[in-house]
Amino acid sequence: MAESLTVARPYARALFEWVRADSVVLDLWGSVLSVLKEAVAQQAFKQQISNPRVTKAELLKNLTGILGHVLEDSVKKIEVELENFISLLIDNKRLQVLSEIFVLYKQLVVQQQKTMNVEVSSAFALSSKLQTELEAILSQRFNTNISAQYKIDSNLIGGMLIRTEAFVVDASIQGMLAQLKNHIIA
């Protein structure tokens, strides 16, 4: 994983530096990377990537076709740049690190916006006081503003599950029981 992050970092940083001034394009590239990482994670596409008979042009056509289908007209705004970026990844055999490029890119966007999106799942509804305290703790811990969405998940039994694009904190009873089970079995 660390090696993949090292390989992905220059691509994520270069892309971010190139589009950072335009917030619409910044968000669009986030969507593009999200779709690309999901596409290359599919087994059928992994086989295409590793197949020496599949040409660069075919890979490029398949990926841009998926993007055009999922994101429709919005990718037309960055069509040339998109093809250049995908071609660069194909040429350098870096399609397999698209997931890491996405994570690093999103981290750079969040750092620029100074806001972290957080999803908090809990077994029961959290009071507004507890929500405010939790957001203050997270804001202090990560030195950024927090934009939290709260949802109820009765499967958690108790506690909470905190998710961001970069990490997950499982402070649920269900998660603690799973950890205890793994420790007992191990």
# chains A, B, ... in the order shown; residues from 1 in each chain; ligands from 1
$ residues_around --residues "stretch 16-27 of chain A" --least-positions-apart "4" --cutoff "12 Å" --atoms "only C-alpha atoms" --output "count of residues only"
30
$ residues_around --residues "A:Ser4" --least-positions-apart "4" --cutoff "10 Å" --atoms "only C-alpha atoms" --output "count of residues only"
9
$ residues_around --residues "A:Gln174" --least-positions-apart "5" --cutoff "8 Å" --atoms "only C-alpha atoms" --output "ChimeraX atom specification"
/A:155-158
$ select_by_dssp --residues "stretch 57-168 of chain A" --states "alpha helix (DSSP H)" --output "count of residues only"
59
$ select_by_dssp --residues "stretch 3-184 of chain A" --states "strand (DSSP E or B)" --output "ChimeraX atom specification"
/A:115-122,145-152,159-163,168-172
$ closest_residue --among "A:Phe45, A:Trp29, A:Phe167, A:Tyr150" --to "A:Phe124" --atoms "only C-alpha atoms"
A:Tyr150
$ atom_distance --atom1 "atom CA of A:Leu63" --atom2 "atom CA of A:Leu5"
22.1 Å
$ closest_residue --among "A:Ile137, A:Glu83, A:Pro52, A:Ala166" --to "A:Gly68" --atoms "only C-alpha atoms"
A:Glu83
